[in-house]
Every structure is written in structure tokens, then in C-alpha cells.
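Accompanying notes for the structure given below.
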Amino acid sequence: MTEQPVLELVDLVAGYRTRRGVFGRRGLIRAVDGVNLTVGAGETVCLVGESGCGKSTVARSVVNLLAPVSGEVRFAGRSLASMDRRELRAMRREVQLVFQDPYASLNPRMTVRELITEAWRIHPGIVARERWDAEVAELLERVGLNPAHAARHPHQFSGGQRQRICIARALSVRPRLIVCDEAVSALDVSIQAQILALLGKLRDELGVAYLFITHDLGVVRHFADRVAVMHLGTVVETGATEQIYSSPAHPYTQALLSAAPSVDDWRDRGGEEIVLRGDVPSPARPPAGCRFHTRCWRAEQRCDTEVPALEERGVGHPVACHYASVATGLDGLGIADPAR
Amino acid sequence: MSALLEVSGLQVAFGELRAVRGVSLTVGKGQTLAVVGESGSGKSITSLAVMGLLPAQARVVEGEISLDGVNLLDLAPEELRRLRGEELAMIFQDPLSALNPSLTVGYQIAEVFRRRRGASRAVATGRAVEAMAEVGIPDAAERAKAYPHEFSGGMRQRVMIAMALALEPRLLIADEPTTALDVTVQAQILRLLRERQRAGLAMIIISHDLGVVARTAQSVVVMYAGQAVESGTVAEVYGTPAHPYTLGLMAASPSARTGRRGIRPIDGNPPDLTALPSGCAFHPRCPFARERCRTETPALRPLPSGRTSACHFAEEVLAHDRAAGA
Ligand SMILES: Nc1ncnc2c1ncn2[C@@H]1O[C@H](COP(=O)(O)OP(=O)(O)OP(=O)(O)O)[C@@H](O)[C@H]1O
Ligand SMILES: Nc1ncnc2c1ncn2[C@@H]1O[C@H](COP(=O)(O)OP(=O)(O)OP(=O)(O)O)[C@@H](O)[C@H]1O
Ligand code: SF4
Ligand SMILES: [Mg+2]
Ligand SMILES: [Mg+2]
């Protein structure tokens, strides 16, 4: 990529202080433990992984709600740590966050118009005051809401419509990057498809880049340019979307993809899905060696002690597994027959 | 296939609000039926009606629910209570809320054997440990002494399944049993349920996840705005939908198994049950709708091969599938 990436995470470590432990010391949960990730201008990168693997922690670090323990978050080539207050304020405009629960992020006492113009009040100079009404109408139109409803309050809208309000709000400051943290996860499939279509249209028309967080592997395949698979605070595999889906090389990615139920599963598919044993380890006490070794069916002795680096291992994209090898795509990982 | 459970023309109301407006479904012995549909379409209320566990404000207005020929709606509360557990059991999306946080998991399962089978404390405890081992909880004897919060979400759902299956019911209703779980944990639970299916357990699985349904059920009922709008085998309904809503659902569902294809949203918004459209409730969102759809409510009617659809133009929808090469 010749163009400057919008976002770069460099060896990012981030987490949370815990209360005093047994030894009276405060511990640190390294929820994100050494993540490298790049989002190019206008690119969509999806972050997938199980609950608790650190996806939201990455999101919080990107929007500067959480300071890194070490490593860097760079926006348009500049490290957030090196920015002064004015620059940080400007940066806050260019990176917007959209959450799962649209209701929690919208002040119920404000009208849609107030919600959208709020940022223009805080950052004068984005839109001249005499253009506000016209811009509000245009934004609502763009996200598929009726401009005549600008005087309504959030509770007068459905869940999907509220998510559109959040997106209109995010767009109001003309961001270059939108971080979507499970932004479509709570929606019914018909509405989810509407929001995805909207986000895709904005990408095409405005060149917005997305860091898109979801646990829905169907959504990822249809929306992402690139995918980063996270497991317990680290990225275990990353590459172009079709590459990851057609030739996953990390045993965890293979397990995820084979286990993800899909609308096409009624068609007969041979083979068994990979069912992992046991529980997900806690990020407070990650296993030594490869963090996946306690659940991995391919693990050998060296996995207990040796941490596999995320690097190209002859499969065409970086993988963090000592025994990385391409599965024959999902057809080779087909699911078990339903009990017909 | 003889029917184990037959629901016909079920209507449930909360005061003026009709949450379920005519649902019919059949579960054969040892078969699994799935109920799919959007949030608020009446899936949970339908299953709670079958269990006799409707909230106090709800009322069955019409319909019949028969288990092996006995109309459950005619039964006295004590009889229904006996059936629950022995014949019918249910598991929910959120197992934590269904477990008592201050009692050990083993004690709670043992209670079932003590109260319902009159087992002694020692025997009941032994049975509880067995039941836990059967659903794949490692170190069951040890884990039986732990409290619900000490279990992961997936393990809690296993506990709920153990408890629901303790008295060997013939029908298990699973309402979004894996919705709160991660994909890999979901796979463990679905595998467990499939093992029980193979052992002859009949199931109703409620889900908004078409993939979960495809992996667990033989037949499916699609609900929209409190009504069953289509039913048939999973292969029929998924392969060649006979109702425009089902067609829309399929087109809107991104698949993890096929490369990028355009997913198509369903226009408009889910219906407001307090202000339902006239005629067919789906007509404002329906690409097949004509004048007739605005005025005449379509009934769920049989189509060839035993499937049903509540669309005036079901044949046209089927022809559309064939034209699209589905
Ligand atoms: N405020 C906090 N204090 C302490 N620990 C936290 C806090 N927030 C998150 N964690 C822990 O950090 C880890 C990563 O959390 P994070 O929210 O990033 O996960 P996630 O991948 O977004 O999961 P989910 O899919 O459930 O949203 C988890 O183990 C979580 O329990
Ligand atoms: N206690 C209640 N009082 C009033 N209305 C209720 C109550 N419970 C449910 N309803 C209404 O009944 C309708 C059907 O609800 P139900 O819970 O069956 O939906 P569902 O299909 O299970 O949805 P979900 O996928 O969100 O679980 C909804 O419109 C809901 O608002
Ligand atoms: S009855 Fe009419 S509106 Fe309803 S689904 Fe069929 S074509 Fe569409
Ligand atoms: Mg999260
Ligand atoms: Mg429900």
C-alpha cells in the first residue's frame, strides 16, 4: 500500500489493573498482549474472536479511551502518545466509535437533530450554522431515515433505526475511520443486512475505513477486505478475507470456521466439525507457550513452552502456530450430519 | 410419523395485544422442529404456552395443544406440573437466571430426583453426578459441589440440559440455547443436543440463527408477527422458500461458507404488533404484494409435499426460486 495507513497498532499491549491480589500487589490483565495491525485508507479490517479475547480493548485503545501499557497506536502515521491536546481533539473527530447497543449511546432527552449537531457545537468549523438544517436532513437521508423525523427522540425509533442514528452521528464529523464494535450484532438479520448495506455504501461513496469487530463469521466474510483472528489477547492469523476463509492455517481459525453455523448448512456436507475441548482460559492467567495449546488438537510438546510468533510460514499469510498448515478450506472442515 | 406434539390455531394475547395470532405446528416422535423468526415474532410465547408457563398477564385466546392426544389446555395445574419434567422440559438462553445462585449445582440437580423420584439424599446426589457426567462436565463429582457463578456460560448450559433431561422427558424445548455462547462453545452444546436426538429425544429448537437451525432440525416453522407463515422440511424451506418473508431472510443472511455475494436486506421495519398492517402483515415489506394482500389475510395453506405457506402467491414465490436456480 503506497498510501499512508489510517491506523497502525504497533506491539500494542493494553489492559486493566486488578484489585489487590493475594500478595498485596496490583495485577494487570493484559487483555491485549502485543498486537500489530494496520488499516489502510478506505479499507475494512475485521477483528474476530471469542468473547473476552480483547476485541473491545483494541477498540478502546484506538479511540484513546484506554492508554496503552506499551506499544503504539498511530493515526495517519502519528503516534497518539506524541500528540498534544489540540491534535488529540482533531484526531477524536476523525475516528468514530459505534457500539452494539445504540440505545445506551444516545441521550434519550435529546432529539435526533440535537444528537447529530452536538459535535458541530463542540468542533466549530465542521459545518457552518446556517447549513445545519440542510446537513442534518442530508445525513438522515443518507442513512435511510426520514428527515422529517429530526425532532423525534431515540425511544420513538426501532433498534435498527437507532443504530442508523448512531451512524449518522458518527458521520456528522466526517471521520476517516469508524470503529464498529459489534454494531450489528444485536439486530435481526433483515435489519442487520440493511445496516451492512449502508456501511458498504458509505465506504464506496465517502472512502471511510472500518475497523469492524464482530463474532459473526458470516458477516465478516461478506464485509471485510482483511481479517485478523484474535485469541486471548493476540492475533493468531491475518490475511485477505478469502484467503483466511478458503485456506485457514491456524488450528483456532480452523476450529472457528468449522464450528460456525451457516445458513447453507442444510446442504449435505461430509466430515465433522472441530469441537474444542474444555473452557476458554482467562486472560488473567494465559497458558504458557502457545496460548491455544490447552485446547488445541494439533499441539505437541514444544507448544507448551515455545511462543509461536505471528509470521509467514509458507501458507501465503502470517500465522502464529508452530504447525501451521492449510486446511483444504471449509469443504474439508465440513460439519457433521444433522441427525436426519 | 406419528405426532408427539400438535399445536393448532394457537392464539395468545396480552390484554389487547395479540402476541401469537394463529400458530400450528407438529413435532413427530423423536423429531426436531425449529421455530425461526425475528425478535418479537412470538417464538418464546408459543413455547411457554406449550409448557404451561405463560406470564400471568397472558391468556390463551384460542387453539389446542395436544401431547400424545391429550389437550394440555384442559389439564389441571397439578397434572401439568407433573408433565413438566416427566414429558416436557425446557431450557433457556440465559442459564444463570434459571439457577439458584446460593445452592450448589449438584444440590439443584439432586433436588429433581429427591422431589420427583423420592430418592434419598445419597442416591439423588449420585444421580446428579451421573447426569452431569452425561452432559460432558469433567470431574463431575468435584464440580457438583461448585456454585453456578463458578461455571462458564457453556458449562452452565450443560447443567441446565442435565437438569432438563434428568427425568427423561420425551420433548425438550430449547429457547435460544446457544445465543449467548461463543461459536466454539456453541458447537459443543449443539453436539450434545445432537447426541440426545440420536438417542430418541424430540426437540423444539427456537432460534433466530438460521445456521443453528440448519444444523439441528429436520423441519422448521417460520414466524412473522405472531403467525406461522411457512413450514416444511429444512431442505424445502431453505432451498425453495414458499413465502416472501422466508425468501427475504435467506437473501439477508450472510453465509460463512460462500464467497462474497451481495446480501440483500428486507426493506422496511419489523411490524408493530399494536398497529399491524391490514391483510397480510408482511405486505408493506413484500416485493410480491398486490392489492389483494392489503385487503385479504392469507391463511396458512398446504402446498404439495406436505409443506405450508401463508402467502396468496406461494406458487409464484416457488416459481421465482426455481427461476433463480435455488
Ligand atoms: N474494565 C475492565 N476491568 C477489568 N477487566 C476487564 C475490563 N474490561 C474488560 N476486561 C477483561 O479484559 C478481557 C478482554 O475484554 P474485551 O472486552 O476486550 O473482550 P472482547 O473480545 O471485546 O469480548 P466480547 O466479545 O465479550 O465483547 C476480558 O477478560 C475481560 O474480562
Ligand atoms: N410479559 C409481556 N407483556 C406484554 N407483552 C409481552 C410480554 N412478553 C412478550 N410480549 C410480547 O409478545 C410478543 C412476542 O414475544 P416473544 O417473547 O414470544 O418474542 P420472540 O419471538 O421470542 O422474540 P425474541 O427473538 O426477541 O426472543 C412481543 O411483541 C412482545 O412484546
Ligand atoms: S400474501 Fe402478499 S404480501 Fe403477504 S407475503 Fe404473500 S405476496 Fe407478500
Ligand atoms: Mg467486546
Ligand atoms: Mg424469545
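Chain labels run A, B, ... following the order of the C-alpha cells; each chain numbers its residues from 1, and ligands are numbered from 1 in the order shown.
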I want to know what sits within 8 Å of Val189 of chain A, based on only C-alpha atoms, with residues of the same chain fewer than 5 positions away left out; could you give that as a PDB file with all heavy atoms, in the first residue's frame?
ATOM      1  N   GLU B  38     -38.035 -13.253  13.520  1.00  0.00           N
ATOM      2  CA  GLU B  38     -37.368 -12.102  14.106  1.00  0.00           C
ATOM      3  C   GLU B  38     -37.771 -11.912  15.557  1.00  0.00           C
ATOM      4  O   GLU B  38     -38.744 -12.481  16.034  1.00  0.00           O
ATOM      5  CB  GLU B  38     -37.679 -10.849  13.292  1.00  0.00           C
ATOM      6  CG  GLU B  38     -37.037 -10.938  11.919  1.00  0.00           C
ATOM      7  CD  GLU B  38     -37.152  -9.659  11.122  1.00  0.00           C
ATOM      8  OE1 GLU B  38     -38.058  -8.859  11.369  1.00  0.00           O
ATOM      9  OE2 GLU B  38     -36.320  -9.480  10.238  1.00  0.00           O
ATOM     10  N   LEU B 249     -35.407 -13.508   4.246  1.00  0.00           N
ATOM     11  CA  LEU B 249     -34.480 -13.918   5.307  1.00  0.00           C
ATOM     12  C   LEU B 249     -33.248 -14.598   4.740  1.00  0.00           C
ATOM     13  O   LEU B 249     -32.120 -14.330   5.141  1.00  0.00           O
ATOM     14  CB  LEU B 249     -35.167 -14.925   6.238  1.00  0.00           C
ATOM     15  CG  LEU B 249     -35.894 -14.451   7.474  1.00  0.00           C
ATOM     16  CD1 LEU B 249     -36.286 -15.658   8.314  1.00  0.00           C
ATOM     17  CD2 LEU B 249     -35.046 -13.494   8.288  1.00  0.00           C
ATOM     18  N   ALA B 252     -30.951 -12.225   3.085  1.00  0.00           N
ATOM     19  CA  ALA B 252     -30.327 -11.261   4.001  1.00  0.00           C
ATOM     20  C   ALA B 252     -29.258 -11.901   4.876  1.00  0.00           C
ATOM     21  O   ALA B 252     -28.539 -11.206   5.578  1.00  0.00           O
ATOM     22  CB  ALA B 252     -31.396 -10.616   4.883  1.00  0.00           C
ATOM     23  N   SER B 253     -29.175 -13.244   4.862  1.00  0.00           N
ATOM     24  CA  SER B 253     -28.263 -13.929   5.773  1.00  0.00           C
ATOM     25  C   SER B 253     -26.890 -14.116   5.150  1.00  0.00           C
ATOM     26  O   SER B 253     -26.753 -14.825   4.167  1.00  0.00           O
ATOM     27  CB  SER B 253     -28.828 -15.308   6.127  1.00  0.00           C
ATOM     28  OG  SER B 253     -30.075 -15.158   6.747  1.00  0.00           O
TER      29      SER B 253
END
Could you give me, as CSV, a per-residue list for chain A showing, wherever an atom lies at most 9 Å from an atom of chain B, the closest pair of atoms and their distance in Å to one decimal, using only C-alpha atoms and sorting by chain then residue number from low to high?
residue,atom,partner,partner_atom,distance
A:Gly49,CA,B:Asp182,CA,8.8
A:Glu50,CA,B:Asp182,CA,5.8
A:Ser51,CA,B:Asp182,CA,6.5
A:Ser158,CA,B:Asn269,CA,8.0
A:Gly160,CA,B:Asn269,CA,8.2
A:Gln161,CA,B:Asn269,CA,8.7
A:Leu187,CA,B:Ser39,CA,8.6
A:Asp188,CA,B:Glu38,CA,5.9
A:Val189,CA,B:Ser253,CA,6.2
A:Ser190,CA,B:Ile266,CA,5.2
A:Ile191,CA,B:Pro265,CA,6.8
A:Gln192,CA,B:Pro265,CA,7.7
A:Ala193,CA,B:Pro265,CA,4.7
A:Gln194,CA,B:Pro265,CA,5.0
A:Ile195,CA,B:Pro265,CA,8.6
A:Leu196,CA,B:Pro265,CA,8.7
A:Ala197,CA,B:Pro265,CA,7.6
A:His215,CA,B:Asp182,CA,8.0
A:Asp216,CA,B:Ala256,CA,8.5
A:Leu217,CA,B:Ala256,CA,5.6
A:Gly218,CA,B:Ala256,CA,3.9
A:Val219,CA,B:Pro254,CA,5.5
A:Val220,CA,B:Ala256,CA,7.8
A:Arg221,CA,B:Ala256,CA,6.0
A:His222,CA,B:Arg260,CA,4.8
A:Phe223,CA,B:Arg260,CA,7.9
A:Glu242,CA,B:Gly259,CA,7.1
A:Tyr245,CA,B:Ala256,CA,8.0
A:Ser246,CA,B:Gly259,CA,8.8
A:Ala255,CA,B:Thr184,CA,7.2
A:Leu256,CA,B:Thr184,CA,6.2
A:Leu257,CA,B:Ala256,CA,7.6
A:Ala259,CA,B:Ala187,CA,5.7
A:Ala260,CA,B:Val183,CA,5.8
A:Pro261,CA,B:Gly211,CA,4.4
A:Ser262,CA,B:Gly211,CA,4.0
A:Val263,CA,B:Gly211,CA,4.3
A:Asp264,CA,B:Ser255,CA,6.7
A:Asp265,CA,B:Ala214,CA,5.5
A:Trp266,CA,B:Ala214,CA,4.9
A:Arg267,CA,B:Ala235,CA,7.4
A:Glu273,CA,B:Ala187,CA,8.1
A:Ile274,CA,B:Ala187,CA,8.4
A:Val275,CA,B:Gln188,CA,6.1
A:Leu276,CA,B:Thr184,CA,6.6
A:Arg277,CA,B:Gln188,CA,8.3
A:Gly278,CA,B:Pro138,CA,8.6
A:Asp279,CA,B:Ser152,CA,7.4
A:Val280,CA,B:Ser152,CA,8.7
A:Leu330,CA,B:Arg257,CA,7.0
A:Asp331,CA,B:Arg257,CA,8.6
A:Ile335,CA,B:Arg215,CA,8.2
A:Ala336,CA,B:Arg215,CA,8.2
A:Asp337,CA,B:Arg215,CA,7.5
A:Pro338,CA,B:Arg215,CA,5.3
A:Ala339,CA,B:Arg198,CA,6.3
A:Arg340,CA,B:Gln218,CA,6.2
Could you give me, as a Markdown table, every chain B residue with an atom at most 9 Å from ligand 3, plus its closest atom pair and distance in Å to one decimal, counting only C-alpha atoms and all ligand atoms, rows ordered by chain then number?
| residue | atom | partner | partner_atom_place_in_ligand_line | distance |
| --- | --- | --- | --- | --- |
| B:Val229 | CA | ligand 3 | 5 (S) | 8.4 |
| B:His243 | CA | ligand 3 | 5 (S) | 5.8 |
| B:Pro244 | CA | ligand 3 | 5 (S) | 5.0 |
| B:Tyr245 | CA | ligand 3 | 5 (S) | 6.3 |
| B:Gly279 | CA | ligand 3 | 4 (Fe) | 7.9 |
| B:Cys280 | CA | ligand 3 | 4 (Fe) | 4.6 |
| B:Ala281 | CA | ligand 3 | 4 (Fe) | 6.6 |
| B:Phe282 | CA | ligand 3 | 4 (Fe) | 5.0 |
| B:His283 | CA | ligand 3 | 3 (S) | 3.4 |
| B:Pro284 | CA | ligand 3 | 3 (S) | 7.0 |
| B:Arg285 | CA | ligand 3 | 3 (S) | 7.5 |
| B:Cys286 | CA | ligand 3 | 8 (Fe) | 4.6 |
| B:Pro287 | CA | ligand 3 | 8 (Fe) | 6.5 |
| B:Phe288 | CA | ligand 3 | 7 (S) | 4.2 |
| B:Ala289 | CA | ligand 3 | 7 (S) | 4.1 |
| B:Arg290 | CA | ligand 3 | 2 (Fe) | 6.2 |
| B:Glu291 | CA | ligand 3 | 2 (Fe) | 8.4 |
| B:Arg292 | CA | ligand 3 | 2 (Fe) | 7.2 |
| B:Cys293 | CA | ligand 3 | 2 (Fe) | 4.3 |
| B:Arg294 | CA | ligand 3 | 3 (S) | 7.2 |
| B:Glu296 | CA | ligand 3 | 1 (S) | 8.3 |
| B:Thr297 | CA | ligand 3 | 1 (S) | 7.3 |
| B:Pro298 | CA | ligand 3 | 1 (S) | 5.7 |
| B:Ala299 | CA | ligand 3 | 1 (S) | 8.9 |
| B:Ser309 | CA | ligand 3 | 6 (Fe) | 8.8 |
| B:Ala310 | CA | ligand 3 | 1 (S) | 6.7 |
| B:Cys311 | CA | ligand 3 | 6 (Fe) | 3.6 |
| B:His312 | CA | ligand 3 | 1 (S) | 4.5 |
| B:Phe313 | CA | ligand 3 | 7 (S) | 5.3 |
| B:Ala314 | CA | ligand 3 | 6 (Fe) | 6.5 |
| B:Glu316 | CA | ligand 3 | 7 (S) | 8.7 |
| B:Val317 | CA | ligand 3 | 7 (S) | 8.1 |
Please provide the set of residues having any atom within 9 Å of Gly52 of chain B, restricted to only C-alpha atoms, with same-chain residues fewer than 6 positions apart removed, written as a ChimeraX atom specification. /B:72-73,77,80-81,84
Taking only C-alpha atoms and all ligand atoms into account, list the residues no farther than 10 Å from ligand 1, as a PyMOL selection string. (chain A and resi 14-19+28-32+47-61+66+100+181-182+213-215+230-233+281-285) or (chain B and resi 180-182)
